[in-house]
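Following: one structure in structure tokens, then a few remarks.
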Amino acid sequence: MTNFDSDAALFKTLKSNLFTAVIGDVLDQMGLTRQFLPPEIAPLQPGTKIAGRAMPVLEADIFDLGHPASNGPLANKPFGLMLEALDDLRENEIYIATGASLRYALWGELMSTRALHLKAAGAILDGYVRDAAGIRSLGFPAFCRGIYAQDQGPRGKVIDYRCTIEIGGVKIAPGTLLFGDEEGVLAIPAEAEHEAIARALEKVKSENIVADAIKGGMSATEAFATYGVM
């Protein structure tokens with residue numbers, strides 16, 4: 001089984017040697033068949049890869065800027081806990097947010113600037129981003145459902161962070177390994193990550209052998225019968 005000296009080495013291997021399709025196939029073989037986030041969540045910049053540990057963020061819609069009769073502890077706090085969540089990002093973590101409707105953006109250029117300073121690995125939003133040109137110019141890895149300029153301010157708040165969330169039925173706890181490319185985003189459970197990555201690296205080697213065999217004229221049927229990979 002593959003072991004890594006550090007998370008930094010793990011993330012480098014993911015981005016340099018692997019892709020979501022092969023890890024997804026391995027997770028299927030391990031019985032973990034629901035680890036891809038919804039396909040609408042895609043890189044803002046085509047070709048981007050992202051790898052890091054989840055820092056989950058829970059959003060909620062609001063419908064005014066605070067009412068005298070409101071009893072919630074965040075009723076009169078702009079953005080709720082969003083700024084605290086952003087400032088709490090650590091090196092190689094991914095800000096991953098869900099819970100909001102699709103009425104407003106969850107991420108922007110200034111948030112990206114702060115996250116880069118904190119050496120975060122990127123952001124994955126179950127919703128929209130804004131300031132897209134600025135985020136791209138920063139080279140910040142952002143995955144989202146699209147681009148929409150409408151602001152979160154009067155429409156949503158962060159109500160918790162470093163809590164377990166779900167996106168599309170996929171559970172994401174703090175520290176969950178996340179890996180994404182332009183074909184999808186995977187949440188890899190802690191108990192499976194070492195085995196899944198080791199098997200994925202072996203699968204890539206096998207697929208390269210199969211590709212060479214097919215280029216040499218071997219039929220797809222014979223290749224699968226011989227190597228068990230296709």
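Chain labels A, B, ... are given in the sequence in which chains occur in the structure tokens; within each chain residues are numbered consecutively from 1, and ligands are likewise numbered from 1 in the order shown.
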
- Message: Among segment 89-171 of chain A, which residues does DSSP mark as strand (DSSP E) when it is run on the backbone? Keep the chain and numbering as in the structure and answer as a PyMOL selection string.
- Response: chain A and resi 93-98+105-107+122-125+128-129+142-144+146-147+156-161+165-167+170-171

- For Arg114 of chain A, work out the shell of residues within 12 Å, counting only C-alpha atoms and skipping chain neighbours fewer than 2 positions away, then give it as a PyMOL selection string. chain A and resi 83-91+95+107-112+116-123+135+138+140

Resulting file, chosen residues, C-alpha atoms, as a PDB file, in the first residue's frame:
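Now in part-v5.pdb:
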```pdb
ATOM      1  CA  LEU A  83     -15.413  35.934   7.328  1.00  0.00           C
ATOM      2  CA  GLU A  84     -14.500  33.789  10.329  1.00  0.00           C
ATOM      3  CA  ALA A  85     -14.666  30.671   8.160  1.00  0.00           C
ATOM      4  CA  LEU A  86     -12.468  32.280   5.517  1.00  0.00           C
ATOM      5  CA  ASP A  87      -9.898  33.440   8.069  1.00  0.00           C
ATOM      6  CA  ASP A  88      -9.796  29.955   9.610  1.00  0.00           C
ATOM      7  CA  LEU A  89      -8.560  28.319   6.404  1.00  0.00           C
ATOM      8  CA  ARG A  90      -5.288  26.467   6.817  1.00  0.00           C
ATOM      9  CA  GLU A  91      -2.566  25.441   4.408  1.00  0.00           C
ATOM     10  CA  TYR A  95     -13.163  25.817   1.443  1.00  0.00           C
ATOM     11  CA  TRP A 107     -17.253  33.168  -3.482  1.00  0.00           C
ATOM     12  CA  GLY A 108     -15.374  36.041  -5.099  1.00  0.00           C
ATOM     13  CA  GLU A 109     -12.003  37.609  -5.885  1.00  0.00           C
ATOM     14  CA  LEU A 110     -11.294  39.110  -2.454  1.00  0.00           C
ATOM     15  CA  MET A 111     -12.050  35.774  -0.790  1.00  0.00           C
ATOM     16  CA  SER A 112      -9.668  34.119  -3.252  1.00  0.00           C
ATOM     17  CA  LEU A 116      -4.161  32.396  -1.368  1.00  0.00           C
ATOM     18  CA  HIS A 117      -2.428  34.306   1.417  1.00  0.00           C
ATOM     19  CA  LEU A 118      -3.380  31.516   3.813  1.00  0.00           C
ATOM     20  CA  LYS A 119      -1.997  28.915   1.337  1.00  0.00           C
ATOM     21  CA  ALA A 120      -5.370  27.223   0.939  1.00  0.00           C
ATOM     22  CA  ALA A 121      -5.659  24.647  -1.847  1.00  0.00           C
ATOM     23  CA  GLY A 122      -8.789  26.136  -3.402  1.00  0.00           C
ATOM     24  CA  ALA A 123     -12.565  26.429  -3.088  1.00  0.00           C
ATOM     25  CA  ILE A 135     -10.228  34.727  -9.689  1.00  0.00           C
ATOM     26  CA  LEU A 138      -5.041  35.042  -9.467  1.00  0.00           C
ATOM     27  CA  PHE A 140      -6.856  30.357  -7.692  1.00  0.00           C
TER      28      PHE A 140
END
```

- Item | Given only C-alpha atoms as the counted atoms, nearest of A:Ile167, A:Val26, A:Ala8, A:Ile159 to Gly72 of chain A | A:Ile159

- Query: So, counting only C-alpha atoms, which residue among A:Leu186, A:Leu14, A:Ala9, A:Ile41 is closest to Val204 of chain A?
  - Reply: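 Going through A:Leu186, A:Leu14, A:Ala9, A:Ile41 one by one, the smallest distance to Val204 of chain A is for A:Leu14.
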
- Task: Within 12 Å of Met30 of chain A, counting only C-alpha atoms, which residues show up once you throw out same-chain ones fewer than 4 positions away? Write them as an NGL selection string, please.
- Result: :A and (23-26 or 34-35 or 188-189 or 191-193 or 195-197 or 199-200)

Keeping only N, CA, C and O atoms, write the selected residues to a file as a PDB file, in the first residue's frame.
```
ATOM      1  N   ILE A  23      -9.638   7.069 -10.108  1.00  0.00           N
ATOM      2  CA  ILE A  23      -9.921   6.904  -8.678  1.00  0.00           C
ATOM      3  C   ILE A  23     -11.389   6.550  -8.476  1.00  0.00           C
ATOM      4  O   ILE A  23     -11.731   5.712  -7.637  1.00  0.00           O
ATOM      5  N   GLY A  24     -12.274   7.161  -9.250  1.00  0.00           N
ATOM      6  CA  GLY A  24     -13.688   6.806  -9.168  1.00  0.00           C
ATOM      7  C   GLY A  24     -13.932   5.343  -9.476  1.00  0.00           C
ATOM      8  O   GLY A  24     -14.738   4.673  -8.809  1.00  0.00           O
ATOM      9  N   ASP A  25     -13.235   4.814 -10.489  1.00  0.00           N
ATOM     10  CA  ASP A  25     -13.375   3.389 -10.828  1.00  0.00           C
ATOM     11  C   ASP A  25     -12.934   2.507  -9.669  1.00  0.00           C
ATOM     12  O   ASP A  25     -13.589   1.507  -9.335  1.00  0.00           O
ATOM     13  N   VAL A  26     -11.818   2.866  -9.053  1.00  0.00           N
ATOM     14  CA  VAL A  26     -11.308   2.086  -7.927  1.00  0.00           C
ATOM     15  C   VAL A  26     -12.279   2.145  -6.747  1.00  0.00           C
ATOM     16  O   VAL A  26     -12.554   1.123  -6.095  1.00  0.00           O
ATOM     17  N   ARG A  34     -20.805   6.183  -4.404  1.00  0.00           N
ATOM     18  CA  ARG A  34     -21.418   7.511  -4.423  1.00  0.00           C
ATOM     19  C   ARG A  34     -20.460   8.527  -3.824  1.00  0.00           C
ATOM     20  O   ARG A  34     -20.719   9.118  -2.787  1.00  0.00           O
ATOM     21  N   GLN A  35     -19.357   8.750  -4.513  1.00  0.00           N
ATOM     22  CA  GLN A  35     -18.333   9.665  -3.998  1.00  0.00           C
ATOM     23  C   GLN A  35     -18.108  10.876  -4.898  1.00  0.00           C
ATOM     24  O   GLN A  35     -17.388  11.798  -4.514  1.00  0.00           O
ATOM     25  N   ILE A 188     -13.074  11.486  -0.991  1.00  0.00           N
ATOM     26  CA  ILE A 188     -12.516  10.161  -0.735  1.00  0.00           C
ATOM     27  C   ILE A 188     -12.507   9.920   0.776  1.00  0.00           C
ATOM     28  O   ILE A 188     -11.803  10.627   1.514  1.00  0.00           O
ATOM     29  N   PRO A 189     -13.285   8.957   1.265  1.00  0.00           N
ATOM     30  CA  PRO A 189     -13.383   8.740   2.721  1.00  0.00           C
ATOM     31  C   PRO A 189     -12.025   8.437   3.338  1.00  0.00           C
ATOM     32  O   PRO A 189     -11.173   7.770   2.734  1.00  0.00           O
ATOM     33  N   GLU A 191     -11.084   6.417   5.622  1.00  0.00           N
ATOM     34  CA  GLU A 191     -10.748   5.017   5.824  1.00  0.00           C
ATOM     35  C   GLU A 191     -10.357   4.314   4.527  1.00  0.00           C
ATOM     36  O   GLU A 191      -9.819   3.200   4.546  1.00  0.00           O
ATOM     37  N   ALA A 192     -10.617   4.940   3.381  1.00  0.00           N
ATOM     38  CA  ALA A 192     -10.351   4.304   2.085  1.00  0.00           C
ATOM     39  C   ALA A 192      -9.236   4.973   1.302  1.00  0.00           C
ATOM     40  O   ALA A 192      -8.777   4.430   0.297  1.00  0.00           O
ATOM     41  N   GLU A 193      -8.762   6.132   1.754  1.00  0.00           N
ATOM     42  CA  GLU A 193      -7.919   6.937   0.864  1.00  0.00           C
ATOM     43  C   GLU A 193      -6.597   6.261   0.514  1.00  0.00           C
ATOM     44  O   GLU A 193      -6.175   6.294  -0.653  1.00  0.00           O
ATOM     45  N   GLU A 195      -5.722   3.000   0.419  1.00  0.00           N
ATOM     46  CA  GLU A 195      -5.942   1.867  -0.494  1.00  0.00           C
ATOM     47  C   GLU A 195      -6.392   2.349  -1.866  1.00  0.00           C
ATOM     48  O   GLU A 195      -5.914   1.867  -2.899  1.00  0.00           O
ATOM     49  N   ALA A 196      -7.298   3.323  -1.896  1.00  0.00           N
ATOM     50  CA  ALA A 196      -7.824   3.806  -3.171  1.00  0.00           C
ATOM     51  C   ALA A 196      -6.721   4.427  -4.026  1.00  0.00           C
ATOM     52  O   ALA A 196      -6.659   4.181  -5.249  1.00  0.00           O
ATOM     53  N   ILE A 197      -5.839   5.197  -3.418  1.00  0.00           N
ATOM     54  CA  ILE A 197      -4.785   5.851  -4.191  1.00  0.00           C
ATOM     55  C   ILE A 197      -3.766   4.828  -4.674  1.00  0.00           C
ATOM     56  O   ILE A 197      -3.316   4.878  -5.825  1.00  0.00           O
ATOM     57  N   ARG A 199      -4.305   1.660  -5.316  1.00  0.00           N
ATOM     58  CA  ARG A 199      -4.922   0.898  -6.404  1.00  0.00           C
ATOM     59  C   ARG A 199      -5.062   1.730  -7.667  1.00  0.00           C
ATOM     60  O   ARG A 199      -4.920   1.221  -8.785  1.00  0.00           O
ATOM     61  N   ALA A 200      -5.328   3.016  -7.503  1.00  0.00           N
ATOM     62  CA  ALA A 200      -5.453   3.887  -8.676  1.00  0.00           C
ATOM     63  C   ALA A 200      -4.124   4.016  -9.408  1.00  0.00           C
ATOM     64  O   ALA A 200      -4.078   4.009 -10.647  1.00  0.00           O
TER      65      ALA A 200
END
```

- Please provide the set of residues having any atom within 12 Å of Ala60 of chain A, restricted to only C-alpha atoms, with same-chain residues fewer than 3 positions apart removed, written as a list in words.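 Close residues of Ala60 of chain A: Val57, Phe63, Leu74, Ala75, Phe79, Gly80, Leu81, Met82, Ala97, Thr98, Gly99, Ala100, Ser101, Leu102, Arg103, Tyr104, Leu106, Gln152, Gly153, Pro154, Arg155, Gly156, Lys157, Val158, Ile159, Asp160 and Tyr161 of chain A.
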
- Task: Taking the chain letters and numbering used in this document, name the residues of segment 8-170 of chain A that DSSP puts in helix (DSSP H, G or I), as a PyMOL selection string.
- Result: chain A and resi 8-17+20-29+82-87+109-117+132-138

- Message: Let me make sure I understand: among A:Ile62, A:Ile94, A:Leu10, A:Ile165, which one has the smallest atom-to-atom distance to Ile50 of chain A if we use only C-alpha atoms?
- Response: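 Of A:Ile62, A:Ile94, A:Leu10, A:Ile165, the one nearest Ile50 of chain A, counting only C-alpha atoms, is A:Ile94.
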
Taking a cut-off of 6 Å and counting only C-alpha atoms, can you build a table that, for each residue of segment 47-91 of chain A near segment 168-182 of chain A, reports the nearest atom pair and how far apart they are in Å (one decimal), sorted by chain then residue number, as a Markdown table?
```
| residue | atom | partner | partner_atom | distance |
| --- | --- | --- | --- | --- |
| A:Gly47 | CA | A:Glu182 | CA | 5.9 |
| A:Thr48 | CA | A:Asp181 | CA | 5.9 |
| A:Lys49 | CA | A:Asp181 | CA | 4.4 |
| A:Ile50 | CA | A:Gly180 | CA | 5.0 |
| A:Ala51 | CA | A:Phe179 | CA | 4.4 |
| A:Gly52 | CA | A:Leu178 | CA | 5.5 |
| A:Arg53 | CA | A:Gly175 | CA | 4.7 |
| A:Ala54 | CA | A:Gly175 | CA | 4.8 |
| A:Met55 | CA | A:Pro174 | CA | 5.4 |
| A:Pro56 | CA | A:Pro174 | CA | 6.0 |
```

Write the residues of the selection above to a file with N, CA and C atoms, as a tab-separated table (two decimals), in the first residue's frame.
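The resulting file, part37.tsv, is shown below:
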```
chain	number	residue	atom	x	y	z
A	47	GLY	N	-9.23	22.76	-17.20
A	47	GLY	CA	-7.92	22.16	-17.02
A	47	GLY	C	-7.41	22.20	-15.60
A	48	THR	N	-8.10	22.91	-14.72
A	48	THR	CA	-7.67	23.03	-13.32
A	48	THR	C	-7.83	21.70	-12.60
A	49	LYS	N	-6.85	21.38	-11.74
A	49	LYS	CA	-6.98	20.27	-10.80
A	49	LYS	C	-6.93	20.85	-9.38
A	50	ILE	N	-7.59	20.17	-8.46
A	50	ILE	CA	-7.61	20.61	-7.07
A	50	ILE	C	-7.46	19.39	-6.18
A	51	ALA	N	-6.67	19.52	-5.13
A	51	ALA	CA	-6.49	18.44	-4.16
A	51	ALA	C	-6.19	19.06	-2.80
A	52	GLY	N	-6.86	18.57	-1.78
A	52	GLY	CA	-6.65	19.10	-0.44
A	52	GLY	C	-7.60	18.50	0.56
A	53	ARG	N	-7.56	19.01	1.77
A	53	ARG	CA	-8.42	18.55	2.85
A	53	ARG	C	-9.62	19.49	2.99
A	54	ALA	N	-10.78	18.91	3.21
A	54	ALA	CA	-12.01	19.69	3.29
A	54	ALA	C	-12.08	20.55	4.53
A	55	MET	N	-12.45	21.81	4.32
A	55	MET	CA	-12.88	22.69	5.41
A	55	MET	C	-14.34	23.04	5.08
A	56	PRO	N	-15.28	22.21	5.56
A	56	PRO	CA	-16.67	22.36	5.15
A	56	PRO	C	-17.33	23.60	5.74
```
